[in-house]
Each structure stands twice: as structure tokens, then as C-alpha cells.
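Below: data-v6.cif (mmCIF, C-alpha atoms and all ligand atoms)
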```
data_coords
loop_
_atom_site.label_atom_id
_atom_site.label_comp_id
_atom_site.auth_asym_id
_atom_site.auth_seq_id
_atom_site.Cartn_x
_atom_site.Cartn_y
_atom_site.Cartn_z
CA MET A 104 52.82 -18.65 -19.10
CA LEU A 105 52.34 -15.13 -17.97
CA ILE A 106 53.29 -14.42 -14.45
CA GLY A 107 51.67 -11.39 -13.00
CA LYS A 108 52.67 -9.73 -9.82
CA ALA A 109 51.40 -11.87 -7.01
CA PRO A 110 48.98 -10.02 -4.76
CA GLU A 111 50.63 -9.16 -1.52
CA PHE A 112 48.70 -9.68 1.65
CA LYS A 113 49.70 -8.20 4.92
CA SER A 114 49.58 -10.96 7.50
CA SER A 115 47.02 -8.97 9.46
CA GLU A 116 44.60 -9.22 6.53
CA ILE A 117 44.68 -12.99 6.40
CA THR A 118 42.06 -14.60 8.52
CA PRO A 119 43.39 -17.77 10.11
CA ARG A 120 40.86 -20.54 9.75
CA GLU A 121 40.32 -20.83 13.46
CA SER A 122 39.52 -17.23 14.09
CA PHE A 123 37.31 -17.25 10.96
CA LEU A 124 35.28 -20.11 12.42
CA ASN A 125 35.00 -18.38 15.76
CA ARG A 126 33.84 -15.24 14.07
CA ARG A 127 31.31 -17.20 12.03
CA ASN A 128 29.91 -18.75 15.20
CA LEU A 129 29.65 -15.31 16.70
CA ILE A 130 27.76 -13.99 13.69
CA PHE A 131 25.37 -16.95 13.43
CA GLY A 132 24.96 -17.11 17.19
CA GLY A 133 24.09 -13.44 17.12
CA LEU A 134 21.54 -14.00 14.36
CA ALA A 135 19.94 -16.86 16.27
CA ALA A 136 19.72 -14.68 19.38
CA ALA A 137 18.18 -11.89 17.33
CA GLY A 138 15.65 -14.38 15.93
CA LEU A 139 14.71 -15.52 19.44
CA ALA A 140 14.46 -11.94 20.60
CA TYR A 141 12.20 -11.20 17.65
CA GLU A 142 9.92 -14.16 18.43
CA TRP A 143 9.80 -13.07 22.04
CA HIS A 144 8.94 -9.57 20.93
CA GLN A 145 6.04 -10.95 18.86
CA LYS A 146 4.58 -12.71 21.93
CA MET A 147 5.28 -10.13 24.61
CA PRO A 148 4.05 -6.57 24.93
CA PRO A 149 6.72 -4.60 23.06
CA LEU A 150 9.52 -3.21 25.22
CA PHE A 151 11.35 -1.84 22.23
CA THR A 152 10.34 -1.06 18.68
CA PRO A 153 12.47 -2.66 15.98
CA THR A 154 13.22 -0.26 13.16
CA VAL A 155 13.08 -3.04 10.59
CA HIS A 156 9.92 -5.11 10.71
CA ALA A 157 10.50 -8.47 9.06
CA ALA A 158 7.76 -9.61 6.70
CA THR A 159 5.70 -12.41 8.21
CA LYS A 160 3.46 -14.94 6.49
CA LEU A 161 -0.26 -14.22 6.77
CA PRO A 162 -2.80 -17.05 6.96
CA THR A 163 -5.36 -16.59 4.18
CA VAL A 164 -8.55 -18.04 2.78
CA PRO A 165 -9.43 -17.90 -0.95
CA GLY A 166 -10.71 -14.45 -1.95
CA GLN A 167 -14.15 -13.49 -3.24
CA ALA A 168 -13.03 -11.50 -6.27
CA PRO A 169 -13.33 -11.75 -10.05
CA ALA A 170 -10.52 -13.86 -11.53
CA VAL A 171 -7.68 -12.00 -13.26
CA SER A 172 -6.21 -13.88 -16.22
CA ASP A 173 -2.98 -11.86 -16.53
CA ALA A 174 0.19 -13.07 -14.85
CA ILE A 175 0.97 -11.76 -11.37
CA THR A 176 3.65 -9.04 -11.35
CA PRO A 177 6.86 -10.38 -9.79
CA GLN A 178 7.05 -9.40 -6.11
CA GLY A 179 10.41 -7.72 -6.56
CA LYS A 180 8.94 -5.38 -9.18
CA ALA A 181 5.89 -4.58 -7.07
CA THR A 182 8.07 -3.61 -4.10
CA SER A 183 10.69 -1.57 -5.96
CA TYR A 184 8.54 0.63 -8.24
CA ASN A 185 6.26 2.55 -5.91
CA ASN A 186 4.54 5.81 -5.26
CA PHE A 187 4.79 6.80 -1.59
CA TYR A 188 5.64 10.49 -1.70
CA GLU A 189 6.22 10.73 2.05
CA PHE A 190 9.49 8.89 1.31
CA GLY A 191 10.42 10.76 -1.87
CA THR A 192 9.02 11.45 -5.30
CA ASP A 193 10.93 8.93 -7.44
CA LYS A 194 9.70 5.38 -8.00
CA ALA A 195 12.80 3.91 -6.32
CA ASP A 196 12.64 6.25 -3.28
CA PRO A 197 10.03 4.36 -1.23
CA LYS A 198 12.06 1.14 -1.21
CA ALA A 199 15.27 3.03 -0.46
CA ASN A 200 13.84 5.25 2.28
CA ALA A 201 10.87 3.49 3.88
CA GLY A 202 13.08 1.34 6.13
CA LYS A 203 12.61 4.03 8.78
CA LEU A 204 8.85 3.39 8.99
CA LYS A 205 7.97 1.82 12.34
CA GLN A 206 5.15 -0.70 11.94
CA ARG A 207 4.62 -1.21 15.67
CA PRO A 208 3.07 0.07 17.81
CA TRP A 209 0.34 1.07 15.32
CA THR A 210 -3.25 2.08 15.89
CA VAL A 211 -6.03 3.26 13.61
CA LYS A 212 -8.35 5.91 15.00
CA ILE A 213 -11.94 5.56 13.79
CA GLU A 214 -13.68 8.91 14.18
CA GLY A 215 -16.23 11.37 12.86
CA LEU A 216 -19.87 10.64 12.14
CA CYS A 217 -20.15 7.12 13.53
CA ASN A 218 -21.68 5.50 16.60
CA ASN A 219 -18.64 3.43 17.51
CA PRO A 220 -15.63 5.75 17.38
CA LYS A 221 -12.58 3.86 18.64
CA THR A 222 -8.83 3.63 18.43
CA VAL A 223 -8.09 0.09 17.32
CA ASP A 224 -4.75 -1.68 17.53
CA ILE A 225 -3.35 -3.18 14.33
CA GLU A 226 -3.22 -6.68 15.87
CA THR A 227 -6.95 -6.49 16.59
CA LEU A 228 -7.65 -5.36 13.04
CA LEU A 229 -5.54 -8.18 11.61
CA LYS A 230 -7.64 -10.75 13.47
CA TYR A 231 -11.03 -9.08 13.04
CA LYS A 232 -12.04 -11.07 9.92
CA PRO A 233 -10.47 -13.90 7.91
CA LEU A 234 -7.78 -12.56 5.59
CA GLU A 235 -8.45 -13.26 1.92
CA ASP A 236 -6.10 -13.64 -1.03
CA ARG A 237 -7.32 -11.16 -3.63
CA THR A 238 -5.51 -10.73 -6.88
CA TYR A 239 -6.47 -7.41 -8.44
CA ARG A 240 -5.46 -5.35 -11.43
CA PHE A 241 -3.81 -2.17 -10.18
CA ARG A 242 -3.80 0.86 -12.50
CA CYS A 243 -1.85 4.02 -11.66
CA VAL A 244 -3.03 7.36 -13.03
CA GLU A 245 0.41 7.59 -14.67
CA ALA A 246 -0.69 4.88 -17.16
CA TRP A 247 1.24 1.92 -15.76
CA SER A 248 -0.23 -1.17 -14.18
CA MET A 249 0.54 -4.27 -12.15
CA ILE A 250 -1.29 -7.41 -11.07
CA ILE A 251 -0.98 -7.81 -7.32
CA PRO A 252 -2.12 -10.61 -4.98
CA TRP A 253 -3.24 -8.54 -1.99
CA VAL A 254 -4.19 -9.92 1.43
CA GLY A 255 -7.02 -8.36 3.39
CA TYR A 256 -10.77 -8.31 3.98
CA PRO A 257 -13.55 -6.06 2.71
CA LEU A 258 -13.38 -2.50 4.04
CA ALA A 259 -17.15 -2.88 4.60
CA ASN A 260 -16.32 -4.96 7.70
CA LEU A 261 -14.55 -2.06 9.37
CA ILE A 262 -17.27 0.38 8.31
CA ASN A 263 -19.94 -1.85 9.82
CA PHE A 264 -17.86 -2.07 13.00
CA ALA A 265 -17.73 1.76 13.11
CA GLN A 266 -21.51 2.08 12.58
CA PRO A 267 -21.65 5.26 10.50
CA LYS A 268 -24.48 7.66 11.33
CA PRO A 269 -27.21 8.22 8.71
CA GLU A 270 -25.70 11.64 7.85
CA ALA A 271 -22.26 10.12 7.04
CA LYS A 272 -21.85 10.21 3.26
CA TYR A 273 -18.07 9.87 2.85
CA VAL A 274 -15.14 8.15 4.44
CA GLU A 275 -11.75 9.80 4.66
CA PHE A 276 -8.41 7.97 5.02
CA ILE A 277 -5.52 9.75 6.68
CA SER A 278 -1.98 8.44 6.32
CA LEU A 279 0.84 8.72 8.83
CA ALA A 280 2.89 11.93 8.61
CA ASP A 281 5.85 11.74 10.97
CA ARG A 282 9.02 13.68 10.27
CA SER A 283 11.07 11.35 12.46
CA GLN A 284 10.30 8.46 10.09
CA MET A 285 9.52 10.15 6.77
CA ASP A 286 11.05 12.73 4.49
CA LEU A 287 7.75 14.56 3.83
CA PRO A 288 8.98 16.58 0.83
CA GLY A 289 7.74 20.12 0.31
CA GLY A 290 4.84 21.07 -1.97
CA PHE A 291 2.33 18.76 -0.26
CA ASN A 292 -0.15 19.34 2.52
CA TRP A 293 0.82 16.40 4.75
CA PRO A 294 -0.71 14.15 5.93
CA TYR A 295 -1.74 12.40 2.72
CA THR A 296 -5.52 12.10 2.65
CA GLU A 297 -7.88 10.20 0.41
CA GLY A 298 -11.60 9.59 0.41
CA LEU A 299 -14.46 7.57 -0.98
CA ARG A 300 -18.21 7.98 -1.06
CA LEU A 301 -19.60 5.68 1.63
CA ASP A 302 -21.37 3.41 -0.88
CA GLU A 303 -18.11 3.04 -2.85
CA ALA A 304 -16.27 2.13 0.33
CA MET A 305 -18.96 -0.46 1.15
CA ASN A 306 -18.56 -2.20 -2.22
CA PRO A 307 -17.22 -5.72 -1.57
CA LEU A 308 -14.21 -5.11 -3.85
CA ALA A 309 -12.83 -2.29 -1.66
CA LEU A 310 -10.20 -4.08 0.40
CA LEU A 311 -8.73 -3.22 3.78
CA THR A 312 -5.26 -4.49 3.02
CA PHE A 313 -2.60 -5.86 5.36
CA GLY A 314 -0.43 -7.84 3.00
CA ALA A 315 0.54 -8.95 -0.47
CA TYR A 316 2.12 -12.09 -1.89
CA GLY A 317 0.97 -14.04 1.17
CA GLN A 318 2.89 -11.91 3.65
CA THR A 319 2.66 -8.61 5.50
CA LEU A 320 3.11 -5.48 3.38
CA GLU A 321 6.59 -4.13 2.86
CA ASN A 322 6.96 -0.63 4.30
CA GLN A 323 7.06 0.87 0.81
CA GLN A 324 3.72 -0.79 -0.01
CA GLY A 325 2.02 1.12 2.80
CA ALA A 326 2.54 -1.14 5.80
CA PRO A 327 0.98 -2.06 8.08
CA ILE A 328 -2.46 -1.14 6.71
CA ARG A 329 -3.75 0.48 3.52
CA VAL A 330 -6.79 0.34 1.31
CA ILE A 331 -7.01 -1.02 -2.22
CA VAL A 332 -9.76 0.26 -4.50
CA PRO A 333 -9.14 -1.71 -7.70
CA TRP A 334 -11.54 0.14 -10.05
CA LYS A 335 -9.91 3.51 -9.29
CA TYR A 336 -6.51 4.99 -10.09
CA GLY A 337 -3.83 3.96 -7.62
CA PHE A 338 -3.73 7.23 -5.71
CA LYS A 339 -7.18 6.52 -4.21
CA SER A 340 -5.55 3.65 -2.31
CA ALA A 341 -4.08 5.40 0.74
CA LYS A 342 -1.07 3.84 2.44
CA SER A 343 -0.02 3.49 6.09
CA ILE A 344 -3.39 4.66 7.42
CA VAL A 345 -3.68 6.02 10.97
CA ARG A 346 -7.16 7.56 10.90
CA ILE A 347 -10.46 6.73 9.22
CA ARG A 348 -13.06 9.47 9.46
CA PHE A 349 -16.74 9.55 8.50
CA THR A 350 -17.97 12.88 7.10
CA ASP A 351 -21.06 14.45 5.57
CA LYS A 352 -18.99 16.51 3.11
CA GLN A 353 -16.65 15.34 0.35
CA PRO A 354 -13.22 15.26 2.02
CA VAL A 355 -10.25 17.19 0.70
CA THR A 356 -7.92 14.66 -0.93
CA THR A 357 -4.21 15.17 -1.56
CA TRP A 358 -3.97 14.93 -5.36
CA ASN A 359 -7.28 16.68 -5.99
CA ASP A 360 -6.08 19.46 -3.69
CA ILE A 361 -2.79 19.80 -5.61
CA SER A 362 -4.28 19.77 -9.10
CA ALA A 363 -8.05 19.36 -9.41
CA SER A 364 -8.06 19.50 -13.23
CA GLU A 365 -5.74 16.47 -13.39
CA TYR A 366 -6.95 14.38 -10.44
CA GLY A 367 -10.66 14.25 -9.70
CA PHE A 368 -12.28 13.04 -6.51
CA TYR A 369 -13.77 9.96 -8.21
CA SER A 370 -10.78 8.94 -10.34
CA ASN A 371 -12.44 5.83 -11.67
CA VAL A 372 -10.22 4.15 -14.26
CA ASN A 373 -11.68 5.51 -17.49
CA PRO A 374 -9.99 4.96 -20.86
CA THR A 375 -12.19 7.63 -22.48
CA HIS A 376 -11.33 10.43 -20.06
CA ASN A 377 -7.76 11.50 -20.69
CA HIS A 378 -5.49 13.15 -18.19
CA PRO A 379 -4.85 16.71 -19.50
CA ARG A 380 -1.21 15.73 -20.21
CA TRP A 381 -1.58 12.14 -21.47
CA SER A 382 -4.02 9.54 -22.78
CA GLN A 383 -5.59 7.04 -20.42
CA ALA A 384 -6.55 4.64 -23.23
CA HIS A 385 -3.55 2.35 -22.67
CA GLU A 386 -1.31 1.23 -19.86
CA ARG A 387 2.27 0.00 -19.61
CA ARG A 388 2.60 -3.22 -17.61
CA ILE A 389 5.39 -3.13 -15.05
CA ASP A 390 6.77 -6.56 -15.80
CA ALA A 391 9.45 -6.93 -18.44
CA SER A 392 8.50 -10.56 -19.05
CA VAL A 393 4.91 -10.01 -20.22
CA PHE A 394 3.98 -9.33 -23.82
CA PRO A 395 2.67 -7.03 -25.11
CA ARG A 396 4.09 -4.45 -22.71
CA THR A 397 1.27 -2.01 -23.48
CA VAL A 398 -2.38 -3.04 -23.33
CA ALA A 399 -5.74 -1.28 -23.63
CA THR A 400 -7.12 0.09 -20.35
CA LEU A 401 -10.54 -1.26 -19.37
CA PRO A 402 -13.42 0.86 -18.04
CA PHE A 403 -13.40 0.66 -14.22
CA ASN A 404 -10.14 -1.27 -14.66
CA GLY A 405 -12.15 -4.34 -15.68
CA TYR A 406 -14.49 -4.26 -12.65
CA GLY A 407 -17.49 -2.65 -14.39
CA ASN A 408 -19.84 -5.56 -13.62
CA GLU A 409 -19.17 -5.08 -9.93
CA VAL A 410 -19.11 -1.29 -9.63
CA ALA A 411 -20.68 0.53 -12.62
CA SER A 412 -24.07 0.67 -10.83
CA LEU A 413 -22.51 2.98 -8.20
CA TYR A 414 -22.33 5.71 -10.85
CA LYS A 415 -25.72 5.32 -12.53
CA GLY A 416 -26.92 8.65 -13.87
CA MET A 417 -23.59 10.40 -13.27
CA ASP A 418 -21.62 12.10 -16.05
CA LEU A 419 -18.25 10.41 -15.59
CA ASN A 420 -16.61 12.94 -17.87
CA LYS A 421 -17.53 15.69 -15.41
CA ASN A 422 -17.09 13.52 -12.34
CA TYR A 423 -13.68 12.19 -13.36
N1 LIG A 501 0.15 7.78 1.91
C1 LIG A 501 0.28 7.63 0.59
N2 LIG A 501 -0.51 6.76 -0.07
C2 LIG A 501 -0.39 6.60 -1.40
C3 LIG A 501 0.54 7.36 -2.16
C4 LIG A 501 1.36 8.27 -1.44
O1 LIG A 501 2.21 8.98 -2.02
N3 LIG A 501 1.22 8.38 -0.08
N4 LIG A 501 0.62 7.21 -3.52
C5 LIG A 501 -0.57 6.66 -4.21
C6 LIG A 501 -0.30 6.33 -5.61
S1 LIG A 501 -0.14 7.62 -6.70
C7 LIG A 501 -0.24 5.03 -6.05
S2 LIG A 501 -0.10 4.64 -7.70
C8 LIG A 501 -0.26 3.90 -5.08
C9 LIG A 501 0.98 3.06 -5.28
O2 LIG A 501 0.89 1.87 -4.56
P1 LIG A 501 2.06 0.79 -4.71
O3 LIG A 501 3.35 1.49 -4.49
O4 LIG A 501 1.76 -0.26 -3.70
O5 LIG A 501 1.98 0.25 -6.11
O6 LIG A 501 -0.30 4.32 -3.72
C10 LIG A 501 -1.13 5.44 -3.46
N5 LIG A 501 -1.19 5.69 -2.03
MO MO A 502 -0.53 6.66 -8.82
#
```

Kindly transcribe the structure held in the file into C-alpha cells.
Amino acid sequence: MLIGKAPEFKSSEITPRESFLNRRNLIFGGLAAAGLAYEWHQKMPPLFTPTVHAATKLPTVPGQAPAVSDAITPQGKATSYNNFYEFGTDKADPKANAGKLKQRPWTVKIEGLCNNPKTVDIETLLKYKPLEDRTYRFRCVEAWSMIIPWVGYPLANLINFAQPKPEAKYVEFISLADRSQMDLPGGFNWPYTEGLRLDEAMNPLALLTFGAYGQTLENQQGAPIRVIVPWKYGFKSAKSIVRIRFTDKQPVTTWNDISASEYGFYSNVNPTHNHPRWSQAHERRIDASVFPRTVATLPFNGYGNEVASLYKGMDLNKNY
């Protein structure tokens, strides 16, 4: 039998059972108190703003969307491989850095060419229409994809609430840009902006999104409110939105502004229109357990039946 040198403990490092138990009670008691405080915070007008907003379950009804046969991407993958440049440019940065994002208080300012401009509180928006479960294919312009069960209701509801004027032809989405919560790396014109033609935004598939996987969005997913436009590349789906503006001119959008030859305003998923630096014919699925890992990309990301008519008569090679 080999006898190694016994580890030596200083008596001060040994936790007597009694003091361990006391400490455990303190810790769990503290957690229970924090839980109560959190519940109280949910019911009362906020006196303080927690820096970490715990995910909460969202009540949902079945969604009105075409069925997706592929397996749902595991939640842990969907929340750890993200693009949210306000928090850094690497895929792991948003999860690592978005903890600073404060989800409450949060309002969305509806403005521009509409008859009902208003600043609306997130709680009001959450309750405005029944929340649906909507599993969509999600295709990033960087040729990777996921299958995500989002929670939200059609963006058309909010647009109807805003009552756009007849001259409104576009809707612009403006994300939060706050240096006290975000890194906001150089090389971008913050805030992040995106936009859709009004008829695109009114399509029933365009989703005003509050959650995923049956619960509120994680910060890195664009909490507390984002849009999801499943037939377009991922960058059209602006995160952490604070303003929605109706315009008569095509809005300036972040990626188009940075590099118009690579990122068009329309950015419909189109396997026949390649990015100048890579093919768009295939996509890599972000889920190590699915096979094959790489699959053919579908026109309009598989939503052609629902949206192709929006682009009748348009040259989608020019309007990429
Ligand atoms: N405000 C903001 N919204 C954003 C981005 C961003 O950097 N900032 N990235 C876009 C891009 S490129 C993609 S692919 C999707 C990623 O969404 P996900 O992280 O939920 O998959 O968010 C889009 N929305
Ligand atoms: Mo993207």
C-alpha cells in the first residue's frame, strides 16, 4: 500500500458541522428572502432595478405558423452562440457580457408617420395580444442556422395599434444603445437600426417577440423585445428594441450602412444570390446532434408560400 503525504489542514480551514449548518441556513434563508423580494418587485412598482432579470415562464397559445419538421436547437446552444454586437463581436460575447442589460423599466416609443404615436411600457405590450408559440427556421447571413421556438404575436398587431398614415411605406426598428450597459464597440454607427417595408412587416409571419423556449428572452437573445422575420437573414431581426418608427423613405440599416454590397436592405434568404465572400446555397446547423450538419438553404428560408408574393415583379438579384 502506498502511503502518500496526508493533506494537512489548518484547523481554521475545517468547517465544524455546526457552523456549516448555520452558514447553510444563512445562504438558503438569504435566497428565500431574495425570492420573496423578487416576487414583491414583480407586483409592486419597481423601487430598484435588478441587474439580473430572471427568466420567467410565458403563457402561450399554439402558434399560427407553418410546421417545421427539423428538431429544435437545444436552448443552451441558442443562448450561447449569438450575434449581438453591442456586447462584442464574437459569438460567445453576448452571453458573457449581456448580463449588464437592464430589462426593466423598458418602454418602446412608437413614432413617425402614424396617427397613434405613443410610448408603451413593456408590460402593456406583453399583455396586448395572446402570446403564441412559433417555431421558426432561423438563418444567419453567415450561413449557419437554428430552429427556435419563439414566443410572441404578429408584428401587424402593433402596427395596427400605431395606425400608420397612408404615406408611411417603411417601419424602422431602433435598438437600445447605452454605454452604461453595453460595450458598443467601435466601427458601428450605434444605435443598431433595421427596417422593413410596411407590407413585409404586416405579413403574419413577422413576429413581435418576447420569449423563446416558453420563457422570456435571455438578455443575449435581445430581451425584452425583438422582432423575428423568419424569411430574411438574421440581421433583419433587431434585438432589444426601444423605438419603432414609420417612415416614407427606406431607413438606413446598420449592416447595409456598413457594407451595402454584402448586406442588402431586403436580405431575403436566397440560395441563388451569394454573399460576395461565400456561397449562400448551404447552411451549417448549430446543433452537434443533428445529421447532416450541412443542409441546402431554401428560398425565403422555406417560407416562400407565405411571402413570395410580396416580391412579385422584383429582381431579387438586384434587390438582395
Ligand atoms: N441590436 C442588435 N440586433 C441584432 C444584432 C445585433 O448585433 N444587434 N445581430 C443580428 C444578427 S447578425 C443575427 S444573426 C441575429 C442573431 O439572433 P440570435 O442571437 O438570437 O440568434 O440578431 C440580429 N439582431
Ligand atoms: Mo446574422

For the contact check between chain A and ligand MO 502 (chain A), emit one row per residue of chain A within 8 Å, containing the shortest atom pair and the distance in Å rounded to one decimal, counting all atoms listed in the file, chain then rising number order, as a Markdown table.
```
| residue | atom | partner | partner_atom | distance |
| --- | --- | --- | --- | --- |
| A:Asn186 | CA | A:MO502 | MO | 6.3 |
| A:Arg242 | CA | A:MO502 | MO | 7.6 |
| A:Cys243 | CA | A:MO502 | MO | 4.1 |
| A:Val244 | CA | A:MO502 | MO | 4.9 |
| A:Glu245 | CA | A:MO502 | MO | 6.0 |
| A:Tyr336 | CA | A:MO502 | MO | 6.3 |
| A:Gly337 | CA | A:MO502 | MO | 4.4 |
| A:Phe338 | CA | A:MO502 | MO | 4.5 |
```

In Å, rounded to a single decimal, give me how far CA of Leu228 (chain A) is from CA of Thr163 (chain A).
->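 Calculated distance between CA of Thr163 (chain A) and CA of Leu228 (chain A) is 14.5 Å.
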
Rank A:Tyr256, A:Trp209, A:Phe349, A:Tyr231 by their smallest atom-to-atom distance to Glu275 (chain A), using all atoms listed in the file, and report the top residue only.
->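 Among A:Tyr256, A:Trp209, A:Phe349, A:Tyr231, it is A:Phe349 that comes nearest to Glu275 (chain A).
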
The centre and edge lengths of an axis-aligned box containing all atoms of ligand LIG 501 (chain A) present in the file, extended by 8 Å on each side, are to be given in Å to one decimal, as lines of an AutoDock Vina configuration file.
```
center_x = 1.1
center_y = 4.4
center_z = -2.9
size_x = 20.5
size_y = 25.2
size_z = 25.6
```

One-decimal distance in Å that lies between CA of Asn377 (chain A) and CA of Thr400 (chain A) =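 CA of Asn377 (chain A) lies at a distance of 11.4 Å from CA of Thr400 (chain A).
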
For a quick check of your reading of the model, name the residues lying within 12 Å of the coordinate (-7.3, 10.6, -21.9), counting all atoms listed in the file, and write them as a PDB file with C-alpha atoms, in the coordinates of the input.
```pdb
ATOM      1  CA  VAL A 244      -3.030   7.360 -13.030  1.00  0.00           C
ATOM      2  CA  GLU A 245       0.410   7.590 -14.670  1.00  0.00           C
ATOM      3  CA  ALA A 246      -0.690   4.880 -17.160  1.00  0.00           C
ATOM      4  CA  GLU A 365      -5.740  16.470 -13.390  1.00  0.00           C
ATOM      5  CA  VAL A 372     -10.220   4.150 -14.260  1.00  0.00           C
ATOM      6  CA  ASN A 373     -11.680   5.510 -17.490  1.00  0.00           C
ATOM      7  CA  PRO A 374      -9.990   4.960 -20.860  1.00  0.00           C
ATOM      8  CA  THR A 375     -12.190   7.630 -22.480  1.00  0.00           C
ATOM      9  CA  HIS A 376     -11.330  10.430 -20.060  1.00  0.00           C
ATOM     10  CA  ASN A 377      -7.760  11.500 -20.690  1.00  0.00           C
ATOM     11  CA  HIS A 378      -5.490  13.150 -18.190  1.00  0.00           C
ATOM     12  CA  PRO A 379      -4.850  16.710 -19.500  1.00  0.00           C
ATOM     13  CA  ARG A 380      -1.210  15.730 -20.210  1.00  0.00           C
ATOM     14  CA  TRP A 381      -1.580  12.140 -21.470  1.00  0.00           C
ATOM     15  CA  SER A 382      -4.020   9.540 -22.780  1.00  0.00           C
ATOM     16  CA  GLN A 383      -5.590   7.040 -20.420  1.00  0.00           C
ATOM     17  CA  ALA A 384      -6.550   4.640 -23.230  1.00  0.00           C
ATOM     18  CA  HIS A 385      -3.550   2.350 -22.670  1.00  0.00           C
ATOM     19  CA  GLU A 386      -1.310   1.230 -19.860  1.00  0.00           C
ATOM     20  CA  THR A 400      -7.120   0.090 -20.350  1.00  0.00           C
ATOM     21  CA  ASN A 420     -16.610  12.940 -17.870  1.00  0.00           C
ATOM     22  CA  TYR A 423     -13.680  12.190 -13.360  1.00  0.00           C
TER      23      TYR A 423
END
```

Quick one: everything within 7 Å of Val345 (chain A), counting all atoms listed in the file, minus sequence neighbours fewer than 6 positions away in the same chain. Send it as number ranges by chain.
-> A: 210-212, 277-279

Protein, DNA and RNA residues within 7 Å of (2.7, -15.2, 9.3), only C-alpha atoms, as a ChimeraX atom specification = /A:159-162,318

Which residues, written as a short mmCIF file (atom, residue, chain, number, x, y, z; two decimals) with C-alpha atoms, keeping the file's coordinate frame, have at least one atom at most 12 Å from Gln206 (chain A), with all atoms listed in the file counted and residues fewer than 4 positions away on the same chain left out?
```cif
data_model
loop_
_atom_site.label_atom_id
_atom_site.label_comp_id
_atom_site.auth_asym_id
_atom_site.auth_seq_id
_atom_site.Cartn_x
_atom_site.Cartn_y
_atom_site.Cartn_z
CA PRO A 149 6.72 -4.60 23.06
CA THR A 152 10.34 -1.06 18.68
CA PRO A 153 12.47 -2.66 15.98
CA THR A 154 13.22 -0.26 13.16
CA VAL A 155 13.08 -3.04 10.59
CA HIS A 156 9.92 -5.11 10.71
CA ALA A 157 10.50 -8.47 9.06
CA ALA A 158 7.76 -9.61 6.70
CA ALA A 201 10.87 3.49 3.88
CA GLY A 202 13.08 1.34 6.13
CA THR A 210 -3.25 2.08 15.89
CA VAL A 211 -6.03 3.26 13.61
CA ASP A 224 -4.75 -1.68 17.53
CA ILE A 225 -3.35 -3.18 14.33
CA GLU A 226 -3.22 -6.68 15.87
CA LEU A 279 0.84 8.72 8.83
CA GLN A 284 10.30 8.46 10.09
CA PHE A 313 -2.60 -5.86 5.36
CA THR A 319 2.66 -8.61 5.50
CA LEU A 320 3.11 -5.48 3.38
CA GLU A 321 6.59 -4.13 2.86
CA ASN A 322 6.96 -0.63 4.30
CA GLN A 323 7.06 0.87 0.81
CA GLY A 325 2.02 1.12 2.80
CA ALA A 326 2.54 -1.14 5.80
CA PRO A 327 0.98 -2.06 8.08
CA ILE A 328 -2.46 -1.14 6.71
CA SER A 343 -0.02 3.49 6.09
CA ILE A 344 -3.39 4.66 7.42
CA VAL A 345 -3.68 6.02 10.97
#
```

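Residue nearest ligand LIG 501 (chain A) within the list A:Asn260, A:Asn404, A:Asn219, A:Ser248: A:Ser248 [criterion: smallest interatomic distance, all atoms listed in the file].
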
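Taking CA of Val164 (chain A) and CA of Glu235 (chain A) as endpoints, the distance between them is 4.9 Å.
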
Using only C-alpha atoms and all ligand atoms: which of A:Ala341, A:Leu310, A:Leu287, A:Ile175 has the shortest distance to ligand LIG 501 (chain A) |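 Among A:Ala341, A:Leu310, A:Leu287, A:Ile175, it is A:Ala341 that comes nearest to ligand LIG 501 (chain A).
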
Choose the residue, out of A:Tyr316, A:Phe291, A:Phe394, A:Phe403, that has the smallest atom-to-atom separation from Asp360 (chain A); count only C-alpha atoms.
->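 When distances to Asp360 (chain A) are compared using only C-alpha atoms, the smallest one comes from A:Phe291.
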
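Nearest residue to Asn218 (chain A), choosing from A:Phe187, A:Trp253, A:Trp247, A:Phe264 and counting all atoms listed in the file: A:Phe264.
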